[in-house]
>>> print(open('data_28.cif').read())   # mmCIF, N, CA, C and O atoms
data_run
#
loop_
_atom_site.label_atom_id
_atom_site.label_comp_id
_atom_site.auth_asym_id
_atom_site.auth_seq_id
_atom_site.Cartn_x
_atom_site.Cartn_y
_atom_site.Cartn_z
N MET J 1 15.67 -6.66 -50.79
CA MET J 1 16.18 -7.90 -50.22
C MET J 1 16.43 -7.70 -48.74
O MET J 1 16.89 -6.66 -48.30
N THR J 2 16.11 -8.72 -47.93
CA THR J 2 16.40 -8.66 -46.51
C THR J 2 17.38 -9.76 -46.15
O THR J 2 17.39 -10.83 -46.76
N THR J 3 18.23 -9.47 -45.17
CA THR J 3 19.18 -10.47 -44.70
C THR J 3 18.99 -10.64 -43.20
O THR J 3 18.82 -9.67 -42.47
N SER J 4 19.04 -11.89 -42.76
CA SER J 4 18.89 -12.18 -41.34
C SER J 4 20.19 -11.83 -40.61
O SER J 4 21.28 -12.15 -41.07
N LEU J 5 20.07 -11.16 -39.47
CA LEU J 5 21.24 -10.77 -38.70
C LEU J 5 21.46 -11.66 -37.49
O LEU J 5 22.58 -11.97 -37.14
N SER J 6 20.41 -12.04 -36.82
CA SER J 6 20.55 -12.84 -35.60
C SER J 6 19.29 -13.67 -35.40
O SER J 6 18.19 -13.20 -35.61
N HIS J 7 19.47 -14.90 -34.97
CA HIS J 7 18.33 -15.77 -34.71
C HIS J 7 17.98 -15.80 -33.23
O HIS J 7 16.97 -16.36 -32.86
N ASN J 8 18.81 -15.22 -32.39
CA ASN J 8 18.62 -15.33 -30.96
C ASN J 8 18.45 -13.99 -30.25
O ASN J 8 18.51 -13.94 -29.03
N LEU J 9 18.29 -12.93 -30.99
CA LEU J 9 18.22 -11.61 -30.38
C LEU J 9 17.16 -11.58 -29.29
O LEU J 9 16.05 -12.06 -29.47
N PHE J 10 17.53 -11.02 -28.13
CA PHE J 10 16.63 -10.91 -26.99
C PHE J 10 16.30 -9.44 -26.80
O PHE J 10 17.19 -8.60 -26.69
N VAL J 11 15.01 -9.12 -26.77
CA VAL J 11 14.55 -7.74 -26.60
C VAL J 11 13.85 -7.65 -25.24
O VAL J 11 12.97 -8.47 -24.93
N HIS J 12 14.24 -6.66 -24.46
CA HIS J 12 13.69 -6.43 -23.12
C HIS J 12 13.10 -5.02 -23.12
O HIS J 12 13.82 -4.04 -23.31
N HIS J 13 11.79 -4.93 -22.96
CA HIS J 13 11.11 -3.63 -23.00
C HIS J 13 10.34 -3.44 -21.69
O HIS J 13 9.48 -4.25 -21.36
N VAL J 14 10.67 -2.38 -20.99
CA VAL J 14 10.07 -2.12 -19.68
C VAL J 14 9.37 -0.76 -19.72
O VAL J 14 9.96 0.24 -20.14
N LEU J 15 8.13 -0.75 -19.28
CA LEU J 15 7.39 0.51 -19.15
C LEU J 15 7.28 0.83 -17.67
O LEU J 15 6.82 0.00 -16.87
N PHE J 16 7.72 2.02 -17.30
CA PHE J 16 7.69 2.49 -15.92
C PHE J 16 6.54 3.48 -15.75
O PHE J 16 6.46 4.47 -16.49
N TYR J 17 5.69 3.21 -14.79
CA TYR J 17 4.57 4.08 -14.48
C TYR J 17 4.85 4.74 -13.13
O TYR J 17 4.96 4.05 -12.12
N MET J 18 4.96 6.04 -13.13
CA MET J 18 5.18 6.78 -11.89
C MET J 18 3.84 7.28 -11.36
O MET J 18 2.89 7.47 -12.13
N PRO J 19 3.74 7.51 -10.06
CA PRO J 19 2.48 8.02 -9.52
C PRO J 19 2.19 9.43 -10.04
O PRO J 19 3.10 10.16 -10.42
N GLU J 20 0.91 9.77 -10.05
CA GLU J 20 0.53 11.12 -10.51
C GLU J 20 1.17 12.21 -9.67
O GLU J 20 1.35 13.33 -10.13
N THR J 21 1.53 11.87 -8.45
CA THR J 21 2.15 12.86 -7.55
C THR J 21 3.66 13.00 -7.77
O THR J 21 4.29 13.80 -7.07
N ALA J 22 4.23 12.25 -8.72
CA ALA J 22 5.67 12.34 -8.97
C ALA J 22 6.06 13.75 -9.38
O ALA J 22 5.40 14.38 -10.21
N THR J 23 7.12 14.24 -8.77
CA THR J 23 7.63 15.57 -9.09
C THR J 23 8.62 15.49 -10.24
O THR J 23 9.06 14.41 -10.63
N ASP J 24 9.00 16.63 -10.77
CA ASP J 24 10.04 16.67 -11.80
C ASP J 24 11.34 16.09 -11.26
O ASP J 24 12.07 15.42 -11.98
N ALA J 25 11.62 16.32 -9.98
CA ALA J 25 12.83 15.77 -9.36
C ALA J 25 12.75 14.25 -9.30
O ALA J 25 13.75 13.56 -9.54
N ASP J 26 11.57 13.70 -9.00
CA ASP J 26 11.38 12.25 -8.99
C ASP J 26 11.63 11.68 -10.39
O ASP J 26 12.30 10.66 -10.54
N LYS J 27 11.09 12.34 -11.39
CA LYS J 27 11.27 11.87 -12.77
C LYS J 27 12.74 11.93 -13.16
O LYS J 27 13.26 11.02 -13.82
N ALA J 28 13.43 12.96 -12.74
CA ALA J 28 14.86 13.09 -13.03
C ALA J 28 15.66 11.97 -12.36
O ALA J 28 16.61 11.44 -12.94
N LYS J 29 15.27 11.59 -11.15
CA LYS J 29 15.97 10.51 -10.45
C LYS J 29 15.78 9.18 -11.17
O LYS J 29 16.74 8.43 -11.33
N LEU J 30 14.56 8.88 -11.60
CA LEU J 30 14.34 7.62 -12.32
C LEU J 30 15.11 7.62 -13.63
O LEU J 30 15.73 6.63 -14.00
N LEU J 31 15.12 8.74 -14.31
CA LEU J 31 15.89 8.85 -15.55
C LEU J 31 17.38 8.62 -15.27
O LEU J 31 18.05 7.93 -16.05
N GLU J 32 17.88 9.15 -14.19
CA GLU J 32 19.27 8.92 -13.77
C GLU J 32 19.53 7.42 -13.63
O GLU J 32 20.55 6.90 -14.10
N GLY J 33 18.61 6.72 -13.00
CA GLY J 33 18.77 5.28 -12.83
C GLY J 33 18.76 4.52 -14.14
O GLY J 33 19.53 3.58 -14.33
N LEU J 34 17.92 4.93 -15.06
CA LEU J 34 17.88 4.27 -16.37
C LEU J 34 19.19 4.47 -17.12
O LEU J 34 19.68 3.55 -17.78
N HIS J 35 19.76 5.65 -16.99
CA HIS J 35 21.07 5.88 -17.62
C HIS J 35 22.15 4.99 -16.99
O HIS J 35 23.07 4.56 -17.68
N LEU J 36 22.01 4.70 -15.72
CA LEU J 36 22.94 3.79 -15.05
C LEU J 36 22.91 2.41 -15.72
O LEU J 36 23.96 1.79 -15.94
N LEU J 37 21.72 1.93 -16.06
CA LEU J 37 21.59 0.62 -16.69
C LEU J 37 22.30 0.54 -18.03
O LEU J 37 22.76 -0.54 -18.44
N GLN J 38 22.41 1.65 -18.73
CA GLN J 38 23.07 1.65 -20.03
C GLN J 38 24.54 1.27 -19.94
O GLN J 38 25.15 0.90 -20.94
N GLN J 39 25.12 1.34 -18.76
CA GLN J 39 26.53 1.01 -18.56
C GLN J 39 26.81 -0.49 -18.53
O GLN J 39 27.96 -0.91 -18.59
N ILE J 40 25.77 -1.30 -18.41
CA ILE J 40 25.96 -2.75 -18.34
C ILE J 40 26.41 -3.27 -19.71
O ILE J 40 25.74 -3.04 -20.71
N SER J 41 27.54 -3.95 -19.72
CA SER J 41 28.17 -4.30 -21.00
C SER J 41 27.36 -5.25 -21.87
O SER J 41 27.51 -5.23 -23.09
N SER J 42 26.50 -6.07 -21.30
CA SER J 42 25.72 -7.00 -22.13
C SER J 42 24.61 -6.30 -22.90
O SER J 42 24.03 -6.88 -23.82
N VAL J 43 24.30 -5.05 -22.55
CA VAL J 43 23.31 -4.27 -23.29
C VAL J 43 23.95 -3.82 -24.60
O VAL J 43 24.91 -3.04 -24.59
N LYS J 44 23.45 -4.31 -25.71
CA LYS J 44 24.04 -3.97 -27.02
C LYS J 44 23.49 -2.66 -27.57
O LYS J 44 24.18 -1.92 -28.25
N LEU J 45 22.22 -2.37 -27.29
CA LEU J 45 21.58 -1.15 -27.75
C LEU J 45 20.48 -0.83 -26.76
O LEU J 45 19.76 -1.73 -26.33
N ALA J 46 20.37 0.44 -26.38
CA ALA J 46 19.34 0.83 -25.42
C ALA J 46 18.67 2.12 -25.88
O ALA J 46 19.29 2.96 -26.54
N HIS J 47 17.40 2.24 -25.51
CA HIS J 47 16.63 3.44 -25.82
C HIS J 47 15.79 3.79 -24.59
O HIS J 47 15.09 2.92 -24.05
N ILE J 48 15.89 5.02 -24.14
CA ILE J 48 15.04 5.52 -23.07
C ILE J 48 14.09 6.51 -23.72
O ILE J 48 14.52 7.44 -24.40
N GLY J 49 12.79 6.30 -23.52
CA GLY J 49 11.83 7.17 -24.18
C GLY J 49 10.68 7.56 -23.28
O GLY J 49 10.51 7.03 -22.18
N THR J 50 9.90 8.50 -23.78
CA THR J 50 8.66 8.93 -23.15
C THR J 50 7.56 8.80 -24.21
O THR J 50 7.87 8.67 -25.40
N PRO J 51 6.30 8.82 -23.80
CA PRO J 51 5.24 8.65 -24.79
C PRO J 51 5.33 9.68 -25.92
O PRO J 51 5.54 10.87 -25.69
N ALA J 52 5.21 9.18 -27.13
CA ALA J 52 5.22 10.04 -28.31
C ALA J 52 3.90 10.81 -28.39
O ALA J 52 2.90 10.44 -27.76
N ALA J 53 3.88 11.85 -29.17
CA ALA J 53 2.69 12.70 -29.30
C ALA J 53 1.69 12.13 -30.29
O ALA J 53 0.94 12.86 -30.92
N THR J 54 1.67 10.82 -30.43
CA THR J 54 0.68 10.16 -31.29
C THR J 54 -0.60 9.96 -30.51
O THR J 54 -0.57 9.85 -29.28
N ASN J 55 -1.72 9.91 -31.20
CA ASN J 55 -2.99 9.82 -30.50
C ASN J 55 -3.96 8.93 -31.28
O ASN J 55 -4.73 9.41 -32.09
N ARG J 56 -3.83 7.62 -31.02
CA ARG J 56 -4.78 6.66 -31.57
C ARG J 56 -5.25 5.77 -30.43
O ARG J 56 -4.53 5.58 -29.45
N ALA J 57 -6.41 5.22 -30.54
CA ALA J 57 -7.02 4.46 -29.45
C ALA J 57 -6.16 3.28 -28.99
O ALA J 57 -6.21 2.89 -27.83
N VAL J 58 -5.35 2.73 -29.86
CA VAL J 58 -4.56 1.53 -29.52
C VAL J 58 -3.22 1.87 -28.86
O VAL J 58 -2.48 0.96 -28.48
N ILE J 59 -2.89 3.12 -28.73
CA ILE J 59 -1.58 3.51 -28.20
C ILE J 59 -1.65 3.70 -26.69
O ILE J 59 -2.48 4.43 -26.19
N GLU J 60 -0.74 3.04 -26.00
CA GLU J 60 -0.60 3.16 -24.54
C GLU J 60 0.29 4.37 -24.26
O GLU J 60 1.45 4.39 -24.66
N ARG J 61 -0.27 5.37 -23.59
CA ARG J 61 0.47 6.60 -23.33
C ARG J 61 0.54 6.97 -21.85
O ARG J 61 0.97 8.05 -21.49
N SER J 62 0.12 6.07 -20.97
CA SER J 62 0.06 6.44 -19.56
C SER J 62 1.34 6.15 -18.78
O SER J 62 1.42 6.46 -17.61
N TYR J 63 2.34 5.57 -19.44
CA TYR J 63 3.61 5.31 -18.76
C TYR J 63 4.45 6.59 -18.72
O TYR J 63 4.19 7.54 -19.46
N THR J 64 5.44 6.60 -17.87
CA THR J 64 6.33 7.75 -17.74
C THR J 64 7.57 7.57 -18.60
O THR J 64 7.96 8.47 -19.35
N TYR J 65 8.23 6.40 -18.46
CA TYR J 65 9.44 6.11 -19.23
C TYR J 65 9.35 4.72 -19.83
O TYR J 65 8.81 3.79 -19.22
N SER J 66 9.95 4.58 -20.99
CA SER J 66 10.11 3.30 -21.66
C SER J 66 11.62 2.99 -21.68
O SER J 66 12.42 3.85 -22.05
N TRP J 67 11.96 1.78 -21.27
CA TRP J 67 13.35 1.31 -21.32
C TRP J 67 13.37 0.12 -22.26
O TRP J 67 12.78 -0.93 -21.98
N LEU J 68 13.98 0.29 -23.42
CA LEU J 68 14.04 -0.75 -24.44
C LEU J 68 15.49 -1.09 -24.67
O LEU J 68 16.31 -0.20 -24.96
N CYS J 69 15.84 -2.37 -24.51
CA CYS J 69 17.24 -2.75 -24.74
C CYS J 69 17.32 -4.09 -25.44
O CYS J 69 16.41 -4.92 -25.37
N PHE J 70 18.42 -4.26 -26.12
CA PHE J 70 18.66 -5.43 -26.96
C PHE J 70 19.89 -6.17 -26.48
O PHE J 70 20.90 -5.54 -26.13
N PHE J 71 19.81 -7.50 -26.51
CA PHE J 71 20.90 -8.38 -26.09
C PHE J 71 21.16 -9.40 -27.20
O PHE J 71 20.25 -9.76 -27.95
N GLU J 72 22.38 -9.88 -27.25
CA GLU J 72 22.74 -10.89 -28.27
C GLU J 72 21.89 -12.15 -28.16
O GLU J 72 21.59 -12.79 -29.16
N ASN J 73 21.53 -12.51 -26.92
CA ASN J 73 20.77 -13.74 -26.69
C ASN J 73 20.21 -13.73 -25.27
O ASN J 73 20.46 -12.80 -24.50
N ALA J 74 19.48 -14.79 -24.93
CA ALA J 74 18.86 -14.87 -23.61
C ALA J 74 19.89 -14.94 -22.49
O ALA J 74 19.67 -14.42 -21.40
N GLU J 75 21.02 -15.55 -22.76
CA GLU J 75 22.07 -15.65 -21.74
C GLU J 75 22.63 -14.27 -21.39
O GLU J 75 22.88 -13.97 -20.22
N ALA J 76 22.79 -13.42 -22.39
CA ALA J 76 23.27 -12.05 -22.15
C ALA J 76 22.26 -11.26 -21.34
O ALA J 76 22.63 -10.47 -20.45
N GLU J 77 20.96 -11.49 -21.60
CA GLU J 77 19.94 -10.80 -20.82
C GLU J 77 19.93 -11.31 -19.38
O GLU J 77 19.75 -10.54 -18.44
N ALA J 78 20.17 -12.60 -19.19
CA ALA J 78 20.24 -13.16 -17.84
C ALA J 78 21.42 -12.56 -17.08
O ALA J 78 21.31 -12.27 -15.88
N ASP J 79 22.54 -12.34 -17.76
CA ASP J 79 23.70 -11.69 -17.13
C ASP J 79 23.32 -10.27 -16.69
O ASP J 79 23.70 -9.82 -15.60
N TYR J 80 22.58 -9.57 -17.53
CA TYR J 80 22.11 -8.23 -17.21
C TYR J 80 21.24 -8.25 -15.95
O TYR J 80 21.40 -7.41 -15.05
N GLN J 81 20.34 -9.21 -15.86
CA GLN J 81 19.44 -9.31 -14.71
C GLN J 81 20.21 -9.52 -13.40
O GLN J 81 19.77 -9.09 -12.34
N GLN J 82 21.37 -10.16 -13.48
CA GLN J 82 22.16 -10.46 -12.28
C GLN J 82 23.31 -9.48 -12.07
O GLN J 82 24.07 -9.62 -11.10
N HIS J 83 23.43 -8.50 -12.92
CA HIS J 83 24.53 -7.54 -12.82
C HIS J 83 24.35 -6.65 -11.58
O HIS J 83 23.22 -6.24 -11.26
N PRO J 84 25.43 -6.32 -10.89
CA PRO J 84 25.33 -5.46 -9.71
C PRO J 84 24.68 -4.10 -9.98
O PRO J 84 23.97 -3.57 -9.12
N LEU J 85 24.88 -3.52 -11.17
CA LEU J 85 24.23 -2.25 -11.48
C LEU J 85 22.71 -2.41 -11.59
O LEU J 85 21.95 -1.51 -11.24
N HIS J 86 22.26 -3.56 -12.09
CA HIS J 86 20.82 -3.82 -12.17
C HIS J 86 20.25 -3.96 -10.77
O HIS J 86 19.17 -3.44 -10.46
N ASP J 87 20.99 -4.65 -9.90
CA ASP J 87 20.56 -4.76 -8.50
C ASP J 87 20.49 -3.39 -7.85
O ASP J 87 19.54 -3.07 -7.13
N GLU J 88 21.51 -2.58 -8.09
CA GLU J 88 21.53 -1.22 -7.54
C GLU J 88 20.34 -0.40 -8.05
O GLU J 88 19.71 0.33 -7.29
N PHE J 89 20.03 -0.55 -9.33
CA PHE J 89 18.89 0.16 -9.91
C PHE J 89 17.61 -0.19 -9.16
O PHE J 89 16.85 0.69 -8.75
N ARG J 90 17.36 -1.48 -8.98
CA ARG J 90 16.14 -1.91 -8.29
C ARG J 90 16.12 -1.40 -6.85
O ARG J 90 15.08 -0.95 -6.36
N GLU J 91 17.25 -1.46 -6.17
CA GLU J 91 17.30 -1.04 -4.76
C GLU J 91 17.16 0.47 -4.60
O GLU J 91 16.49 0.93 -3.68
N GLN J 92 17.80 1.24 -5.46
CA GLN J 92 17.86 2.69 -5.29
C GLN J 92 16.72 3.45 -5.95
O GLN J 92 16.41 4.57 -5.55
N TYR J 93 16.11 2.87 -6.99
CA TYR J 93 15.17 3.64 -7.79
C TYR J 93 13.75 3.10 -7.80
O TYR J 93 12.84 3.76 -8.30
N ALA J 94 13.51 1.94 -7.23
CA ALA J 94 12.16 1.35 -7.24
C ALA J 94 11.13 2.24 -6.56
O ALA J 94 9.95 2.20 -6.90
N ARG J 95 11.57 3.05 -5.64
CA ARG J 95 10.62 3.92 -4.93
C ARG J 95 10.00 4.97 -5.84
O ARG J 95 9.01 5.60 -5.47
N TYR J 96 10.57 5.15 -7.04
CA TYR J 96 10.06 6.19 -7.94
C TYR J 96 8.96 5.71 -8.87
O TYR J 96 8.34 6.51 -9.54
N TRP J 97 8.71 4.41 -8.94
CA TRP J 97 7.61 3.95 -9.79
C TRP J 97 6.57 3.23 -8.95
O TRP J 97 6.84 2.71 -7.87
N GLU J 98 5.33 3.22 -9.49
CA GLU J 98 4.26 2.49 -8.81
C GLU J 98 3.90 1.21 -9.56
O GLU J 98 3.27 0.33 -8.99
N LYS J 99 4.33 1.12 -10.80
CA LYS J 99 4.01 -0.05 -11.62
C LYS J 99 5.06 -0.19 -12.70
O LYS J 99 5.56 0.81 -13.24
N VAL J 100 5.38 -1.43 -13.02
CA VAL J 100 6.30 -1.75 -14.11
C VAL J 100 5.67 -2.86 -14.93
O VAL J 100 5.14 -3.83 -14.39
N VAL J 101 5.71 -2.70 -16.25
CA VAL J 101 5.24 -3.75 -17.16
C VAL J 101 6.42 -4.11 -18.06
O VAL J 101 7.07 -3.23 -18.63
N ILE J 102 6.69 -5.41 -18.17
CA ILE J 102 7.85 -5.87 -18.93
C ILE J 102 7.39 -6.77 -20.07
O ILE J 102 6.58 -7.68 -19.87
N TYR J 103 7.95 -6.51 -21.25
CA TYR J 103 7.75 -7.36 -22.42
C TYR J 103 9.12 -7.87 -22.84
O TYR J 103 10.01 -7.09 -23.18
N ASP J 104 9.31 -9.18 -22.78
CA ASP J 104 10.54 -9.81 -23.27
C ASP J 104 10.18 -10.61 -24.51
O ASP J 104 9.14 -11.29 -24.54
N SER J 105 11.05 -10.53 -25.50
CA SER J 105 10.81 -11.32 -26.71
C SER J 105 12.13 -11.78 -27.30
O SER J 105 13.18 -11.17 -27.07
N VAL J 106 12.06 -12.86 -28.06
CA VAL J 106 13.21 -13.38 -28.78
C VAL J 106 12.81 -13.58 -30.23
O VAL J 106 11.63 -13.77 -30.54
N GLY J 107 13.79 -13.49 -31.10
CA GLY J 107 13.49 -13.67 -32.51
C GLY J 107 14.62 -13.25 -33.40
O GLY J 107 15.72 -12.91 -32.95
N THR J 108 14.31 -13.23 -34.66
CA THR J 108 15.28 -12.91 -35.70
C THR J 108 15.16 -11.44 -36.07
O THR J 108 14.06 -10.90 -36.17
N THR J 109 16.29 -10.79 -36.27
CA THR J 109 16.29 -9.44 -36.79
C THR J 109 16.67 -9.50 -38.26
O THR J 109 17.39 -10.40 -38.68
N GLN J 110 16.20 -8.54 -38.98
CA GLN J 110 16.51 -8.50 -40.42
C GLN J 110 16.86 -7.08 -40.81
O GLN J 110 16.31 -6.10 -40.27
N ARG J 111 17.75 -6.98 -41.73
CA ARG J 111 18.14 -5.68 -42.28
C ARG J 111 17.68 -5.63 -43.72
O ARG J 111 17.90 -6.54 -44.51
N LYS J 112 17.00 -4.55 -44.07
CA LYS J 112 16.58 -4.34 -45.45
C LYS J 112 17.74 -3.71 -46.19
O LYS J 112 18.41 -2.82 -45.68
N SER J 113 17.94 -4.15 -47.38
CA SER J 113 19.02 -3.53 -48.17
C SER J 113 18.48 -2.90 -49.44
O SER J 113 17.36 -2.96 -49.75
#
>>> encode(input="data_28.cif", output="structure tokens")
Amino acid sequence: MTTSLSHNLFVHHVLFYMPETATDADKAKLLEGLHLLQQISSVKLAHIGTPAATNRAVIERSYTYSWLCFFENAEAEADYQQHPLHDEFREQYARYWEKVVIYDSVGTTQRKS
């Protein structure tokens, strides 16, 4: 049996692509910035990841970091976008990536029991 948990859940998934010339120190700085974003109170759940060791033709593995976070609704995500820490992240850490791809989605979550 599954039960619906939320009809308005907002999911924000960002893939950060760093240049091939990025050093370990550069990667550490971007990771530092991503940890800063976790402090924003409207973020209900966050995951910072790197490409998994899976190898199938459909898997995108060229990004450096994945930032996946969940919000109660679109309004909470909008608050996150305007939060001073988010502004600081963009100002202080944008120099470490060459490309960003963002996937935003809304929908219902379900829990299997």
>>> residues_near_point(input="data_28.cif", point="(17.8, 3.1, -24.0)", cutoff="6 Å", atoms="all atoms listed in the file", output="compact mmCIF listing (two decimals) with N, CA, C and O atoms, in the coordinates of the input")
# COMPACT_ATOMS: atom_id res chain seq x y z
N LEU J 45 22.22 -2.37 -27.29
CA LEU J 45 21.58 -1.15 -27.75
C LEU J 45 20.48 -0.83 -26.76
O LEU J 45 19.76 -1.73 -26.33
N ALA J 46 20.37 0.44 -26.38
CA ALA J 46 19.34 0.83 -25.42
C ALA J 46 18.67 2.12 -25.88
O ALA J 46 19.29 2.96 -26.54
N HIS J 47 17.40 2.24 -25.51
CA HIS J 47 16.63 3.44 -25.82
C HIS J 47 15.79 3.79 -24.59
O HIS J 47 15.09 2.92 -24.05
N ILE J 48 15.89 5.02 -24.14
CA ILE J 48 15.04 5.52 -23.07
C ILE J 48 14.09 6.51 -23.72
O ILE J 48 14.52 7.44 -24.40
N GLY J 49 12.79 6.30 -23.52
CA GLY J 49 11.83 7.17 -24.18
C GLY J 49 10.68 7.56 -23.28
O GLY J 49 10.51 7.03 -22.18
N SER J 66 9.95 4.58 -20.99
CA SER J 66 10.11 3.30 -21.66
C SER J 66 11.62 2.99 -21.68
O SER J 66 12.42 3.85 -22.05
N TRP J 67 11.96 1.78 -21.27
CA TRP J 67 13.35 1.31 -21.32
C TRP J 67 13.37 0.12 -22.26
O TRP J 67 12.78 -0.93 -21.98
N LEU J 68 13.98 0.29 -23.42
CA LEU J 68 14.04 -0.75 -24.44
C LEU J 68 15.49 -1.09 -24.67
O LEU J 68 16.31 -0.20 -24.96
N CYS J 69 15.84 -2.37 -24.51
CA CYS J 69 17.24 -2.75 -24.74
C CYS J 69 17.32 -4.09 -25.44
O CYS J 69 16.41 -4.92 -25.37
>>> atom_distance(input="data_28.cif", atom1="atom O of J:Glu77", atom2="atom C of J:His7")
15.8 Å
>>> resolve_selection(input="data_28.cif", expression="the PyMOL selection byres ((chain J and resi 9) around 7)", output="list in words")
Ser6, His7, Asn8, Phe10, Val11, Phe70, Phe71, Glu72, Asn73, Ala74, Ser105, Val106, Gly107, Thr108 and Thr109 of chain J
>>> residues_around(input="data_28.cif", residues="J:Ser41", least_positions_apart="2", cutoff="8 Å", atoms="all atoms listed in the file", output="PyMOL selection string")
chain J and resi 36-39+43-45+70-71+76+80
>>> write_last_selection(input="data_28.cif", atoms="N, CA, C and O atoms", output="JSON list (two decimals), keeping the file's coordinate frame")
[["chain", "number", "residue", "atom", "x", "y", "z"],
["J", 36, "LEU", "N", 22.01, 4.70, -15.72],
["J", 36, "LEU", "CA", 22.94, 3.79, -15.05],
["J", 36, "LEU", "C", 22.91, 2.41, -15.72],
["J", 36, "LEU", "O", 23.96, 1.79, -15.94],
["J", 37, "LEU", "N", 21.72, 1.93, -16.06],
["J", 37, "LEU", "CA", 21.59, 0.62, -16.69],
["J", 37, "LEU", "C", 22.30, 0.54, -18.03],
["J", 37, "LEU", "O", 22.76, -0.54, -18.44],
["J", 38, "GLN", "N", 22.41, 1.65, -18.73],
["J", 38, "GLN", "CA", 23.07, 1.65, -20.03],
["J", 38, "GLN", "C", 24.54, 1.27, -19.94],
["J", 38, "GLN", "O", 25.15, 0.90, -20.94],
["J", 39, "GLN", "N", 25.12, 1.34, -18.76],
["J", 39, "GLN", "CA", 26.53, 1.01, -18.56],
["J", 39, "GLN", "C", 26.81, -0.49, -18.53],
["J", 39, "GLN", "O", 27.96, -0.91, -18.59],
["J", 43, "VAL", "N", 24.30, -5.05, -22.55],
["J", 43, "VAL", "CA", 23.31, -4.27, -23.29],
["J", 43, "VAL", "C", 23.95, -3.82, -24.60],
["J", 43, "VAL", "O", 24.91, -3.04, -24.59],
["J", 44, "LYS", "N", 23.45, -4.31, -25.71],
["J", 44, "LYS", "CA", 24.04, -3.97, -27.02],
["J", 44, "LYS", "C", 23.49, -2.66, -27.57],
["J", 44, "LYS", "O", 24.18, -1.92, -28.25],
["J", 45, "LEU", "N", 22.22, -2.37, -27.29],
["J", 45, "LEU", "CA", 21.58, -1.15, -27.75],
["J", 45, "LEU", "C", 20.48, -0.83, -26.76],
["J", 45, "LEU", "O", 19.76, -1.73, -26.33],
["J", 70, "PHE", "N", 18.42, -4.26, -26.12],
["J", 70, "PHE", "CA", 18.66, -5.43, -26.96],
["J", 70, "PHE", "C", 19.89, -6.17, -26.48],
["J", 70, "PHE", "O", 20.90, -5.54, -26.13],
["J", 71, "PHE", "N", 19.81, -7.50, -26.51],
["J", 71, "PHE", "CA", 20.90, -8.38, -26.09],
["J", 71, "PHE", "C", 21.16, -9.40, -27.20],
["J", 71, "PHE", "O", 20.25, -9.76, -27.95],
["J", 76, "ALA", "N", 22.79, -13.42, -22.39],
["J", 76, "ALA", "CA", 23.27, -12.05, -22.15],
["J", 76, "ALA", "C", 22.26, -11.26, -21.34],
["J", 76, "ALA", "O", 22.63, -10.47, -20.45],
["J", 80, "TYR", "N", 22.58, -9.57, -17.53],
["J", 80, "TYR", "CA", 22.11, -8.23, -17.21],
["J", 80, "TYR", "C", 21.24, -8.25, -15.95],
["J", 80, "TYR", "O", 21.40, -7.41, -15.05]]
>>> residues_around(input="data_28.cif", residues="stretch 100-103 of chain J", least_positions_apart="5", cutoff="4.5 Å", atoms="all atoms listed in the file", output="PyMOL selection string")
chain J and resi 11-15
>>> resolve_selection(input="data_28.cif", expression="the PyMOL selection byres ((chain J and resi 30-34) around 8)", output="list in words")
Thr23, Asp24, Ala25, Asp26, Lys27, Ala28, Lys29, His35, Leu36, Leu37, Gln38, Gln39, Ile40, His47, Ile48, Tyr65, Ser66, Trp67, Leu85, His86, Glu88, Phe89, Arg90, Gln92, Tyr93, Ala94, Tyr96 and Trp97 of chain J
>>> select_by_dssp(input="data_28.cif", residues="stretch 56-107 of chain J", states="strand (DSSP E or B)", output="PyMOL selection string")
chain J and resi 65-71+99-107
